[in-house]
file entry_34.cif (mmCIF, C-alpha atoms)
data_entry
loop_
_atom_site.label_atom_id
_atom_site.label_comp_id
_atom_site.auth_asym_id
_atom_site.auth_seq_id
_atom_site.Cartn_x
_atom_site.Cartn_y
_atom_site.Cartn_z
CA MET A 1 89.85 -9.52 -90.12
CA LEU A 2 88.90 -7.77 -93.36
CA ILE A 3 88.31 -9.25 -96.79
CA ARG A 4 89.03 -7.08 -99.81
CA PHE A 5 88.08 -8.21 -103.31
CA TRP A 6 90.47 -7.09 -106.07
CA GLY A 7 89.12 -9.32 -108.83
CA THR A 8 85.85 -11.25 -108.96
CA ARG A 9 85.41 -12.53 -112.53
CA GLY A 10 85.93 -16.07 -113.65
CA SER A 11 87.49 -17.41 -116.80
CA LEU A 12 88.76 -14.15 -118.31
CA PRO A 13 88.68 -10.39 -117.68
CA ALA A 14 85.46 -8.61 -118.61
CA PRO A 15 86.04 -4.85 -118.89
CA LEU A 16 83.12 -2.48 -119.39
CA SER A 17 82.59 -1.36 -122.96
CA TYR A 18 82.01 2.21 -124.15
CA ARG A 19 78.37 1.33 -124.73
CA ALA A 20 77.92 -0.08 -121.21
CA VAL A 21 79.38 3.06 -119.60
CA ARG A 22 77.24 5.31 -121.78
CA THR A 23 74.11 3.34 -120.84
CA LYS A 24 74.89 3.77 -117.14
CA ILE A 25 75.41 7.53 -117.52
CA ARG A 26 72.21 7.86 -119.50
CA GLU A 27 70.16 5.95 -116.93
CA ALA A 28 71.70 7.90 -114.06
CA LEU A 29 70.94 11.23 -115.70
CA LEU A 30 67.38 10.19 -116.44
CA ALA A 31 66.91 9.19 -112.81
CA ALA A 32 68.44 12.48 -111.64
CA ARG A 33 66.12 14.76 -113.59
CA SER A 34 63.62 15.24 -110.79
CA GLN A 35 66.27 15.47 -108.07
CA SER A 36 67.76 18.54 -106.50
CA LEU A 37 71.45 17.66 -106.60
CA ASP A 38 73.09 20.85 -105.44
CA GLY A 39 76.36 19.56 -104.04
CA ALA A 40 78.84 16.67 -103.99
CA ASP A 41 77.27 15.14 -100.89
CA ALA A 42 73.81 15.17 -102.39
CA ILE A 43 75.15 13.55 -105.57
CA ASP A 44 76.94 10.82 -103.60
CA LEU A 45 73.78 10.17 -101.61
CA PHE A 46 71.75 9.96 -104.80
CA ILE A 47 74.20 7.45 -106.32
CA ASP A 48 74.28 5.33 -103.18
CA ARG A 49 70.59 5.36 -102.32
CA SER A 50 68.62 6.01 -105.48
CA LEU A 51 70.48 4.22 -108.22
CA PRO A 52 70.66 0.46 -108.57
CA PHE A 53 74.19 -0.86 -108.16
CA SER A 54 74.19 -1.89 -111.83
CA VAL A 55 73.78 1.79 -112.77
CA GLY A 56 75.71 3.59 -110.02
CA GLY A 57 78.52 1.03 -109.90
CA THR A 58 79.86 -2.11 -111.50
CA TYR A 59 80.83 -5.59 -110.44
CA GLY A 60 84.12 -5.04 -112.25
CA GLY A 61 86.07 -7.07 -114.73
CA ASN A 62 89.26 -8.31 -113.07
CA THR A 63 89.77 -12.02 -112.56
CA CYS A 64 90.15 -13.72 -109.19
CA CYS A 65 92.16 -12.08 -106.45
CA VAL A 66 91.08 -11.64 -102.83
CA GLU A 67 93.05 -10.09 -99.98
CA ILE A 68 92.58 -11.16 -96.38
CA VAL A 69 93.74 -8.44 -94.03
CA THR A 70 94.71 -10.23 -90.85
CA GLY A 71 96.30 -7.47 -88.84
CA GLY A 72 99.59 -9.32 -89.13
CA ASP A 73 102.79 -8.02 -90.73
CA GLU A 74 102.44 -9.93 -93.96
CA TYR A 75 99.98 -9.66 -96.83
CA VAL A 76 97.64 -12.59 -97.51
CA LEU A 77 96.07 -13.14 -100.92
CA CYS A 78 94.01 -15.80 -102.63
CA ASP A 79 94.81 -16.31 -106.30
CA MET A 80 96.67 -14.10 -108.72
CA GLY A 81 94.12 -13.14 -111.36
CA THR A 82 94.25 -9.71 -112.97
CA GLY A 83 93.02 -8.11 -109.74
CA ALA A 84 96.54 -8.72 -108.41
CA ARG A 85 97.85 -5.87 -110.57
CA GLU A 86 95.77 -3.28 -108.73
CA PHE A 87 96.55 -4.88 -105.39
CA GLY A 88 100.29 -4.69 -106.08
CA ASN A 89 100.04 -1.07 -107.15
CA SER A 90 98.10 -0.22 -103.99
CA VAL A 91 100.87 -1.71 -101.85
CA LEU A 92 103.44 0.43 -103.64
CA ALA A 93 101.24 3.51 -103.34
CA LYS A 94 100.87 2.90 -99.61
CA HIS A 95 104.47 2.12 -98.68
CA GLY A 96 106.61 3.29 -101.61
CA PRO A 97 109.16 0.98 -103.26
CA ALA A 98 111.71 1.22 -100.42
CA LYS A 99 109.68 -0.75 -97.88
CA LYS A 100 110.17 -4.47 -98.25
CA ASN A 101 107.07 -6.58 -97.88
CA ARG A 102 106.20 -10.23 -97.44
CA PHE A 103 103.28 -11.81 -99.28
CA ASN A 104 101.54 -15.15 -98.66
CA ILE A 105 99.56 -16.18 -101.72
CA PHE A 106 97.21 -19.17 -101.64
CA MET A 107 96.48 -20.69 -105.03
CA SER A 108 93.15 -22.43 -105.67
CA HIS A 109 94.64 -23.83 -108.86
CA LEU A 110 96.77 -22.86 -111.80
CA HIS A 111 94.32 -22.15 -114.57
CA TRP A 112 95.08 -19.06 -116.54
CA ASP A 113 92.48 -16.74 -114.99
CA HIS A 114 93.99 -17.41 -111.55
CA ILE A 115 97.62 -16.68 -112.42
CA MET A 116 97.47 -14.11 -115.24
CA GLY A 117 97.90 -11.13 -112.90
CA PHE A 118 101.27 -12.24 -111.61
CA PRO A 119 103.41 -10.87 -114.49
CA PHE A 120 101.91 -7.44 -113.69
CA PHE A 121 102.28 -7.77 -109.92
CA THR A 122 104.82 -5.00 -109.39
CA PRO A 123 106.14 -6.16 -105.98
CA ALA A 124 107.52 -9.25 -107.75
CA TYR A 125 110.02 -7.00 -109.55
CA ILE A 126 111.42 -5.39 -106.39
CA PRO A 127 114.46 -6.98 -104.69
CA GLY A 128 113.94 -7.54 -100.98
CA ASN A 129 110.26 -8.43 -101.23
CA VAL A 130 109.44 -12.02 -100.30
CA ILE A 131 106.59 -13.80 -102.05
CA ARG A 132 105.56 -17.22 -100.78
CA ILE A 133 103.13 -18.97 -103.10
CA HIS A 134 101.23 -21.67 -101.22
CA GLY A 135 99.20 -24.37 -102.89
CA CYS A 136 98.52 -28.06 -103.18
CA HIS A 137 99.59 -28.54 -106.80
CA LYS A 138 103.01 -29.98 -107.43
CA VAL A 139 103.50 -27.95 -110.62
CA MET A 140 103.05 -24.42 -109.26
CA ARG A 141 106.54 -23.28 -110.26
CA GLU A 142 106.18 -24.69 -113.77
CA ALA A 143 102.86 -22.89 -114.27
CA PHE A 144 104.22 -19.52 -113.15
CA GLU A 145 107.44 -19.90 -115.11
CA ARG A 146 105.68 -21.02 -118.27
CA GLN A 147 103.34 -18.03 -118.49
CA GLN A 148 106.31 -15.73 -118.05
CA SER A 149 108.62 -17.18 -120.64
CA ASN A 150 109.34 -16.57 -124.29
CA PRO A 151 107.26 -16.13 -126.49
CA SER A 152 104.38 -15.42 -124.09
CA PHE A 153 105.95 -12.65 -122.00
CA PRO A 154 109.07 -10.47 -122.33
CA VAL A 155 110.31 -10.73 -118.71
CA ASP A 156 111.41 -14.21 -117.70
CA PHE A 157 110.09 -15.38 -114.33
CA ARG A 158 113.59 -16.31 -113.17
CA THR A 159 114.79 -12.72 -113.53
CA LEU A 160 112.24 -11.24 -111.14
CA GLY A 161 113.81 -9.25 -108.32
CA ALA A 162 111.75 -10.51 -105.38
CA THR A 163 112.54 -13.71 -103.55
CA ILE A 164 109.82 -16.11 -104.67
CA GLU A 165 109.20 -19.41 -102.92
CA PHE A 166 106.69 -22.14 -103.66
CA VAL A 167 105.25 -23.90 -100.62
CA GLU A 168 103.37 -27.13 -101.22
CA LEU A 169 100.52 -27.75 -98.77
CA GLU A 170 98.75 -30.97 -97.96
CA PRO A 171 94.93 -30.96 -98.03
CA GLY A 172 93.35 -31.72 -94.66
CA ARG A 173 96.35 -30.58 -92.65
CA THR A 174 96.20 -27.37 -90.62
CA TYR A 175 99.01 -24.84 -91.00
CA GLU A 176 99.80 -21.68 -89.06
CA ILE A 177 100.86 -18.92 -91.46
CA ASP A 178 101.27 -15.31 -90.34
CA GLY A 179 98.94 -15.92 -87.41
CA LEU A 180 96.30 -17.52 -89.62
CA SER A 181 95.17 -21.08 -89.21
CA VAL A 182 94.83 -22.50 -92.74
CA ARG A 183 93.41 -25.79 -94.01
CA ALA A 184 92.90 -26.89 -97.62
CA ILE A 185 90.36 -29.20 -99.24
CA LEU A 186 90.43 -30.93 -102.63
CA GLN A 187 87.70 -29.69 -104.99
CA ASN A 188 86.09 -31.11 -108.11
CA HIS A 189 87.61 -29.19 -111.03
CA GLY A 190 89.60 -30.11 -114.12
CA GLY A 191 93.20 -30.67 -112.98
CA ASP A 192 91.97 -30.30 -109.37
CA SER A 193 91.44 -27.16 -107.37
CA PHE A 194 91.64 -26.49 -103.64
CA GLY A 195 89.55 -24.48 -101.23
CA TYR A 196 91.01 -22.84 -98.12
CA ARG A 197 89.57 -22.31 -94.66
CA PHE A 198 91.25 -19.42 -92.83
CA SER A 199 90.67 -18.79 -89.13
CA LYS A 200 91.97 -16.21 -86.70
CA ASP A 201 90.72 -14.87 -83.37
CA GLY A 202 87.48 -16.83 -83.61
CA ARG A 203 86.69 -15.60 -87.12
CA THR A 204 86.62 -17.85 -90.17
CA VAL A 205 86.54 -17.19 -93.89
CA VAL A 206 86.42 -19.91 -96.53
CA TYR A 207 87.71 -19.33 -100.05
CA SER A 208 86.18 -21.90 -102.39
CA THR A 209 86.30 -21.19 -106.09
CA ASP A 210 86.24 -23.38 -109.20
CA SER A 211 84.52 -26.24 -107.45
CA GLU A 212 81.70 -28.27 -108.97
CA HIS A 213 79.32 -29.69 -106.40
CA LYS A 214 77.38 -32.65 -107.68
CA PHE A 215 74.06 -31.98 -106.08
CA GLU A 216 73.38 -35.57 -105.16
CA ALA A 217 75.99 -34.87 -102.51
CA LEU A 218 74.01 -32.34 -100.52
CA ASP A 219 73.64 -34.22 -97.28
CA GLN A 220 75.34 -33.98 -93.92
CA SER A 221 78.09 -36.43 -94.91
CA TYR A 222 79.32 -34.24 -97.75
CA PRO A 223 82.83 -33.05 -96.77
CA PHE A 224 82.15 -29.44 -97.77
CA ILE A 225 79.46 -29.15 -95.11
CA GLU A 226 82.13 -29.69 -92.47
CA PHE A 227 84.63 -27.52 -94.32
CA PHE A 228 82.17 -24.61 -94.42
CA ARG A 229 80.82 -25.31 -90.92
CA ASN A 230 79.85 -22.11 -89.04
CA ALA A 231 82.09 -19.93 -91.19
CA ASP A 232 81.55 -16.20 -90.91
CA VAL A 233 82.04 -15.81 -94.65
CA VAL A 234 82.18 -18.32 -97.49
CA ILE A 235 83.46 -16.98 -100.79
CA PHE A 236 81.71 -19.34 -103.17
CA GLU A 237 82.04 -19.75 -106.88
CA ALA A 238 78.59 -19.46 -108.46
CA GLN A 239 79.32 -18.93 -112.14
CA TYR A 240 76.41 -20.86 -113.64
CA SER A 241 72.69 -21.35 -113.15
CA LEU A 242 71.69 -24.71 -111.73
CA ALA A 243 70.20 -25.69 -115.10
CA ASP A 244 73.48 -24.95 -116.89
CA GLN A 245 75.54 -26.73 -114.26
CA VAL A 246 73.61 -29.98 -114.53
CA SER A 247 73.08 -29.99 -118.30
CA VAL A 248 75.24 -28.39 -120.99
CA LYS A 249 78.02 -27.39 -118.57
CA GLU A 250 78.07 -30.52 -116.45
CA GLY A 251 81.64 -31.56 -115.68
CA TRP A 252 83.06 -28.11 -116.41
CA GLY A 253 84.08 -27.75 -112.78
CA HIS A 254 81.85 -24.89 -111.67
CA SER A 255 78.88 -24.39 -109.41
CA CYS A 256 75.78 -22.22 -108.99
CA ASN A 257 73.87 -19.97 -106.61
CA ILE A 258 71.27 -22.55 -105.51
CA ILE A 259 73.85 -25.12 -104.49
CA GLY A 260 75.76 -22.35 -102.71
CA VAL A 261 72.74 -21.34 -100.66
CA GLU A 262 71.82 -24.91 -99.72
CA LEU A 263 75.39 -25.83 -98.77
CA ALA A 264 75.76 -22.67 -96.70
CA GLN A 265 72.45 -23.31 -94.93
CA LEU A 266 73.39 -26.90 -94.14
CA ALA A 267 76.74 -25.74 -92.76
CA GLY A 268 75.38 -22.86 -90.67
CA VAL A 269 77.34 -20.24 -92.60
CA LYS A 270 76.58 -16.60 -91.76
CA HIS A 271 77.45 -14.86 -95.01
CA LEU A 272 77.66 -16.29 -98.54
CA VAL A 273 79.57 -14.25 -101.11
CA MET A 274 79.03 -15.25 -104.72
CA TYR A 275 82.23 -15.03 -106.71
CA HIS A 276 83.96 -15.96 -110.00
CA HIS A 277 81.24 -14.33 -112.08
CA GLU A 278 80.47 -15.50 -115.57
CA PRO A 279 82.22 -13.02 -117.91
CA VAL A 280 79.20 -12.98 -120.24
CA ASP A 281 76.96 -11.62 -117.47
CA ASP A 282 76.69 -7.83 -117.41
CA ASP A 283 76.01 -5.77 -114.29
CA LYS A 284 72.25 -5.95 -114.68
CA MET A 285 72.33 -9.73 -114.97
CA LEU A 286 74.59 -10.09 -111.91
CA GLU A 287 72.25 -7.80 -109.98
CA LYS A 288 69.28 -9.94 -111.05
CA ILE A 289 71.06 -13.13 -110.01
CA LEU A 290 71.81 -11.59 -106.61
CA ALA A 291 68.14 -10.67 -106.08
CA GLU A 292 67.06 -14.15 -107.15
CA THR A 293 69.59 -15.79 -104.85
CA ARG A 294 68.44 -13.74 -101.87
CA ARG A 295 64.89 -14.78 -102.68
CA TYR A 296 65.94 -18.43 -102.88
CA GLU A 297 67.60 -18.11 -99.48
CA GLU A 298 64.32 -16.79 -98.12
CA ILE A 299 62.25 -19.53 -99.76
CA SER A 300 64.54 -22.38 -98.70
CA ARG A 301 65.14 -21.19 -95.14
CA THR A 302 63.37 -23.26 -92.54
CA GLU A 303 62.52 -22.26 -89.00
CA GLN A 304 65.58 -24.08 -87.72
CA LYS A 305 67.97 -22.16 -89.92
CA GLN A 306 69.43 -18.74 -89.26
CA LYS A 307 69.15 -16.09 -91.96
CA LEU A 308 72.01 -16.33 -94.43
CA ILE A 309 73.36 -13.03 -95.72
CA VAL A 310 73.94 -13.24 -99.47
CA THR A 311 76.24 -10.84 -101.33
CA SER A 312 77.61 -10.77 -104.84
CA ALA A 313 81.30 -9.87 -104.83
CA TYR A 314 82.53 -6.92 -106.85
CA ASP A 315 85.96 -5.48 -107.47
CA GLY A 316 86.52 -3.17 -104.51
CA LEU A 317 84.12 -4.84 -102.08
CA GLU A 318 85.33 -4.93 -98.49
CA ILE A 319 83.82 -7.12 -95.78
CA ILE A 320 84.78 -6.62 -92.15
CA LEU A 321 84.52 -9.66 -89.86
CA MET B 1 55.18 -36.37 -99.22
CA GLU B 2 52.58 -38.48 -101.00
CA ILE B 3 52.47 -39.19 -104.73
CA SER B 4 49.24 -40.37 -106.30
CA GLU B 5 49.13 -41.87 -109.78
CA GLN B 6 46.39 -41.97 -112.41
CA ARG B 7 46.04 -42.35 -116.18
CA GLU B 8 44.79 -39.87 -118.73
CA GLY B 9 44.72 -41.88 -121.94
CA ASN B 10 48.29 -42.93 -122.61
CA ILE B 11 49.75 -40.46 -120.10
CA ILE B 12 50.68 -41.33 -116.54
CA VAL B 13 49.85 -38.38 -114.30
CA LEU B 14 51.75 -38.22 -111.03
CA SER B 15 50.57 -35.83 -108.32
CA PRO B 16 53.05 -35.29 -105.50
CA VAL B 17 51.83 -33.34 -102.47
CA GLY B 18 54.03 -31.49 -99.98
CA ARG B 19 57.66 -30.39 -100.03
CA VAL B 20 60.24 -32.03 -102.29
CA ASN B 21 63.36 -31.45 -100.24
CA ASN B 22 66.45 -33.34 -99.04
CA ASP B 23 64.25 -35.60 -96.89
CA THR B 24 61.72 -36.54 -99.58
CA SER B 25 63.62 -36.22 -102.87
CA ARG B 26 64.90 -39.81 -102.82
CA ALA B 27 61.38 -41.26 -102.70
CA PHE B 28 60.31 -38.74 -105.34
CA GLN B 29 63.16 -39.79 -107.62
CA THR B 30 62.49 -43.51 -107.11
CA LYS B 31 58.86 -43.05 -108.04
CA LEU B 32 59.65 -40.98 -111.13
CA LEU B 33 62.29 -43.39 -112.42
CA SER B 34 60.10 -46.43 -111.87
CA CYS B 35 57.29 -44.77 -113.87
CA VAL B 36 59.58 -43.68 -116.68
CA GLY B 37 60.77 -47.29 -116.91
CA SER B 38 62.54 -48.56 -120.00
CA THR B 39 59.93 -48.03 -122.69
CA ALA B 40 58.61 -44.87 -124.31
CA THR B 41 56.34 -43.66 -121.54
CA LYS B 42 54.59 -40.32 -121.26
CA ILE B 43 54.74 -38.85 -117.77
CA LEU B 44 53.05 -35.67 -116.62
CA ILE B 45 53.78 -34.43 -113.11
CA ASP B 46 51.04 -32.33 -111.59
CA PHE B 47 52.87 -29.83 -109.37
CA SER B 48 49.81 -28.06 -108.02
CA GLY B 49 50.27 -29.74 -104.62
CA VAL B 50 54.01 -29.07 -104.33
CA GLU B 51 54.84 -26.18 -102.00
CA TYR B 52 58.61 -26.22 -102.47
CA ILE B 53 61.29 -28.08 -104.41
CA SER B 54 64.97 -28.06 -103.42
CA ALA B 55 68.05 -28.73 -105.55
CA ALA B 56 67.76 -32.42 -104.69
CA GLY B 57 64.19 -32.45 -105.99
CA LEU B 58 65.24 -30.67 -109.16
CA ARG B 59 67.91 -33.30 -109.58
CA ALA B 60 65.27 -36.03 -109.42
CA LEU B 61 63.36 -34.25 -112.19
CA MET B 62 66.51 -33.97 -114.27
CA MET B 63 67.36 -37.67 -113.83
CA ALA B 64 63.85 -38.69 -114.84
CA SER B 65 63.89 -36.32 -117.81
CA LYS B 66 67.22 -37.76 -118.99
CA GLN B 67 65.97 -41.32 -118.67
CA SER B 68 62.77 -40.41 -120.45
CA LYS B 69 64.68 -38.94 -123.40
CA ALA B 70 66.92 -41.99 -123.54
CA THR B 71 63.87 -44.26 -123.87
CA ASN B 72 62.10 -42.00 -126.40
CA GLY B 73 59.51 -41.13 -123.77
CA ARG B 74 58.23 -37.76 -122.74
CA LEU B 75 58.21 -36.07 -119.37
CA ALA B 76 56.68 -32.73 -118.48
CA ILE B 77 55.35 -30.87 -115.50
CA ALA B 78 52.36 -28.57 -115.11
CA GLY B 79 50.37 -26.64 -112.55
CA ARG B 80 53.29 -25.14 -110.65
CA THR B 81 52.49 -23.14 -107.54
CA PRO B 82 53.83 -19.56 -107.45
CA MET B 83 56.76 -20.57 -105.22
CA VAL B 84 57.78 -23.48 -107.44
CA LYS B 85 57.53 -21.16 -110.43
CA GLU B 86 59.96 -18.82 -108.71
CA ILE B 87 62.37 -21.68 -108.05
CA PHE B 88 62.20 -22.69 -111.71
CA THR B 89 62.96 -19.11 -112.71
CA ILE B 90 65.90 -18.84 -110.33
CA SER B 91 67.36 -22.20 -111.34
CA ARG B 92 66.48 -21.74 -115.07
CA PHE B 93 65.13 -25.28 -114.83
CA SER B 94 62.48 -24.84 -117.49
CA LEU B 95 65.43 -25.26 -119.86
CA VAL B 96 65.93 -28.77 -118.46
CA VAL B 97 62.35 -30.03 -118.05
CA GLN B 98 59.36 -29.21 -120.28
CA VAL B 99 56.85 -27.03 -118.45
CA PHE B 100 53.16 -26.31 -119.14
CA ASP B 101 51.03 -23.80 -117.28
CA THR B 102 48.03 -26.09 -116.80
CA ILE B 103 47.32 -29.82 -116.68
CA ALA B 104 44.76 -29.49 -119.48
CA GLU B 105 47.26 -27.75 -121.71
CA ALA B 106 49.86 -30.43 -121.01
CA ILE B 107 47.47 -33.32 -121.70
CA THR B 108 46.40 -31.79 -125.00
CA ALA B 109 50.02 -31.29 -126.05
CA MET B 110 51.15 -34.75 -124.97
CA SER B 111 48.21 -36.82 -126.19
#

call {"tool": "encode", "arguments": {"input": "entry_34.cif", "output": "structure tokens"}}
result
Amino acid sequence: MLIRFWGTRGSLPAPLSYRAVRTKIREALLAARSQSLDGADAIDLFIDRSLPFSVGGTYGGNTCCVEIVTGGDEYVLCDMGTGAREFGNSVLAKHGPAKKNRFNIFMSHLHWDHIMGFPFFTPAYIPGNVIRIHGCHKVMREAFERQQSNPSFPVDFRTLGATIEFVELEPGRTYEIDGLSVRAILQNHGGDSFGYRFSKDGRTVVYSTDSEHKFEALDQSYPFIEFFRNADVVIFEAQYSLADQVSVKEGWGHSCNIIGVELAQLAGVKHLVMYHHEPVDDDKMLEKILAETRRYEEISRTEQKQKLIVTSAYDGLEIIL
Amino acid sequence: MEISEQREGNIIVLSPVGRVNNDTSRAFQTKLLSCVGSTATKILIDFSGVEYISAAGLRALMMASKQSKATNGRLAIAGRTPMVKEIFTISRFSLVVQVFDTIAEAITAMS
């Protein structure tokens, strides 16, 4: 199984500005002054090993979209944020328009940042493709049709060439879809959201975004402990700091890094991937939050707990299970 | 975890010792809320004996701070160990609870 992140921002896209790019170039050149970079390999090595990720790379600006490569015949995606545009284009680049593909899309919920990539998802325009949109909301079709109707968008949803089906799932029930075992859980978010636990061949990944965890709930009876139990990877929404989550942004339906670490530790998770980044946070801030979160994992780990790997997702990140 | 209590003028000084984690946070919270009470009380928590505080412990602080504000009281902490300082930095919790570097500084400010 492989997880590929196409979009990792929450709330709305956050593209890099001219000034941000210029700052990165400037810092990279300053760091390179004492180096002997006499070839492409040496330059790549310098970028990878000597520059911080916030200078040599970027977390990206696309909103939520994650691909789970199962080895099966069909594509599996979580959410249709703006990252779905690049995913769709990559499918066309790989196969060409003649090959017909099947897509299984699992929707956490229907807020704008999770559906706004669909009108630019090129495979939806190609007859013969089959797109099955799975989710636990009863109004999935309405949400997709509404964002693609006059006056918001020039191409009406009902005129799309692909065969598009909406499949309503029931939380707590296990489904077998393209060789994946899938179970959903209700999450605390305005209008509800749902997390998904995917398992195949003894490997498990949990996708849990837009989910506020009230931290009085952090004991063994909390349902998310069981839902995350022994997962290889948990993709966890950590948009806020703990202080923000419990004060000015309480009830906004989002979570934080500290709760993520403690939940993952209680559940015996191997790898926590922070996701749905705050659009206000630039690359340096996200890098700082990652370092702080790794430190918190170290501080809070007890002798009984295994080391939890902590990563911050970025557009283009791939994790092999 | 033990919590001793003493008075410095009109300030109640609580001194927990040990780890404030999922096992001990409930007792910590009960003690804080009972001291905050329903009248304008000044509470200072001496954190010099606290090795670690988890999210549940931070929650107890937040609950007590909220109740204190609602009763026109005042709640602050001081004397954090380096590890607790780190946890406050990571959680940004000094935005939620008033923090002083030393007990003496806190008592002067709160008296």

call {"tool": "closest_residue", "arguments": {"input": "entry_34.cif", "among": "B:Asn72, B:Ala55, B:Val13, B:Thr108", "to": "Lys31 of chain B", "atoms": "only C-alpha atoms"}}
result
B:Val13

call {"tool": "residues_around", "arguments": {"input": "entry_34.cif", "residues": "Glu262 of chain A", "least_positions_apart": "4", "cutoff": "9 Å", "atoms": "only C-alpha atoms", "output": "list in words"}}
result
Leu218, Asn257, Ile258, Leu266, Ala267, Glu297, Ser300 and Arg301 of chain A; Ser54 and Ala55 of chain B

call {"tool": "write_last_selection", "arguments": {"input": "entry_34.cif", "atoms": "C-alpha atoms", "output": "PDB file, keeping the file's coordinate frame"}}
result
ATOM      1  CA  LEU A 218      74.010 -32.340-100.520  1.00  0.00           C
ATOM      2  CA  ASN A 257      73.870 -19.970-106.610  1.00  0.00           C
ATOM      3  CA  ILE A 258      71.270 -22.550-105.510  1.00  0.00           C
ATOM      4  CA  LEU A 266      73.390 -26.900 -94.140  1.00  0.00           C
ATOM      5  CA  ALA A 267      76.740 -25.740 -92.760  1.00  0.00           C
ATOM      6  CA  GLU A 297      67.600 -18.110 -99.480  1.00  0.00           C
ATOM      7  CA  SER A 300      64.540 -22.380 -98.700  1.00  0.00           C
ATOM      8  CA  ARG A 301      65.140 -21.190 -95.140  1.00  0.00           C
TER       9      ARG A 301
ATOM     10  CA  SER B  54      64.970 -28.060-103.420  1.00  0.00           C
ATOM     11  CA  ALA B  55      68.050 -28.730-105.550  1.00  0.00           C
TER      12      ALA B  55
END

call {"tool": "atom_distance", "arguments": {"input": "entry_34.cif", "atom1": "atom CA of Asp178 of chain A", "atom2": "atom CA of His271 of chain A"}}
result
24.3 Å

call {"tool": "atom_distance", "arguments": {"input": "entry_34.cif", "atom1": "atom CA of Asp113 of chain A", "atom2": "atom CA of Ser152 of chain A"}}
result
15.0 Å

call {"tool": "axis_aligned_box", "arguments": {"input": "entry_34.cif", "around": "segment 19-27 of chain B", "padding_each_side": "8 Å", "output": "lines of an AutoDock Vina configuration file"}}
result
center_x = 62.1
center_y = -35.8
center_z = -99.9
size_x = 24.8
size_y = 26.9
size_z = 22.0

call {"tool": "atom_distance", "arguments": {"input": "entry_34.cif", "atom1": "atom CA of Pro127 of chain A", "atom2": "atom CA of His111 of chain A"}}
result
27.1 Å

call {"tool": "resolve_selection", "arguments": {"input": "entry_34.cif", "expression": "the PyMOL selection byres ((chain A) within 6 of (chain B))", "output": "list in words"}}
result
Ser241, Leu242, Ala243 and Glu292 of chain A

call {"tool": "write_last_selection", "arguments": {"input": "entry_34.cif", "atoms": "C-alpha atoms", "output": "PDB file, in the coordinates of the input"}}
result
ATOM      1  CA  SER A 241      72.690 -21.350-113.150  1.00  0.00           C
ATOM      2  CA  LEU A 242      71.690 -24.710-111.730  1.00  0.00           C
ATOM      3  CA  ALA A 243      70.200 -25.690-115.100  1.00  0.00           C
ATOM      4  CA  GLU A 292      67.060 -14.150-107.150  1.00  0.00           C
TER       5      GLU A 292
END

call {"tool": "resolve_selection", "arguments": {"input": "entry_34.cif", "expression": "the PyMOL selection byres ((chain A and resi 78) around 9)", "output": "MDAnalysis selection string"}}
result
chainID A and resid 64:68 76:77 79:80 104:108 196 207

call {"tool": "write_last_selection", "arguments": {"input": "entry_34.cif", "atoms": "C-alpha atoms", "output": "mmCIF file, in the frame of the given file"}}
result
data_model
loop_
_atom_site.group_PDB
_atom_site.id
_atom_site.type_symbol
_atom_site.label_atom_id
_atom_site.label_comp_id
_atom_site.auth_asym_id
_atom_site.auth_seq_id
_atom_site.Cartn_x
_atom_site.Cartn_y
_atom_site.Cartn_z
ATOM 1 C CA CYS A 64 90.150 -13.720 -109.190
ATOM 2 C CA CYS A 65 92.160 -12.080 -106.450
ATOM 3 C CA VAL A 66 91.080 -11.640 -102.830
ATOM 4 C CA GLU A 67 93.050 -10.090 -99.980
ATOM 5 C CA ILE A 68 92.580 -11.160 -96.380
ATOM 6 C CA VAL A 76 97.640 -12.590 -97.510
ATOM 7 C CA LEU A 77 96.070 -13.140 -100.920
ATOM 8 C CA ASP A 79 94.810 -16.310 -106.300
ATOM 9 C CA MET A 80 96.670 -14.100 -108.720
ATOM 10 C CA ASN A 104 101.540 -15.150 -98.660
ATOM 11 C CA ILE A 105 99.560 -16.180 -101.720
ATOM 12 C CA PHE A 106 97.210 -19.170 -101.640
ATOM 13 C CA MET A 107 96.480 -20.690 -105.030
ATOM 14 C CA SER A 108 93.150 -22.430 -105.670
ATOM 15 C CA TYR A 196 91.010 -22.840 -98.120
ATOM 16 C CA TYR A 207 87.710 -19.330 -100.050
#

call {"tool": "closest_residue", "arguments": {"input": "entry_34.cif", "among": "A:Met116, A:Val269, A:Val167, A:Leu30", "to": "Ile235 of chain A", "atoms": "all atoms listed in the file"}}
result
A:Val269

call {"tool": "resolve_selection", "arguments": {"input": "entry_34.cif", "expression": "the PyMOL selection byres ((chain B and resi 107) around 12)", "output": "number ranges by chain"}}
result
B: 7-13, 42-46, 74-79, 99-106, 108-111
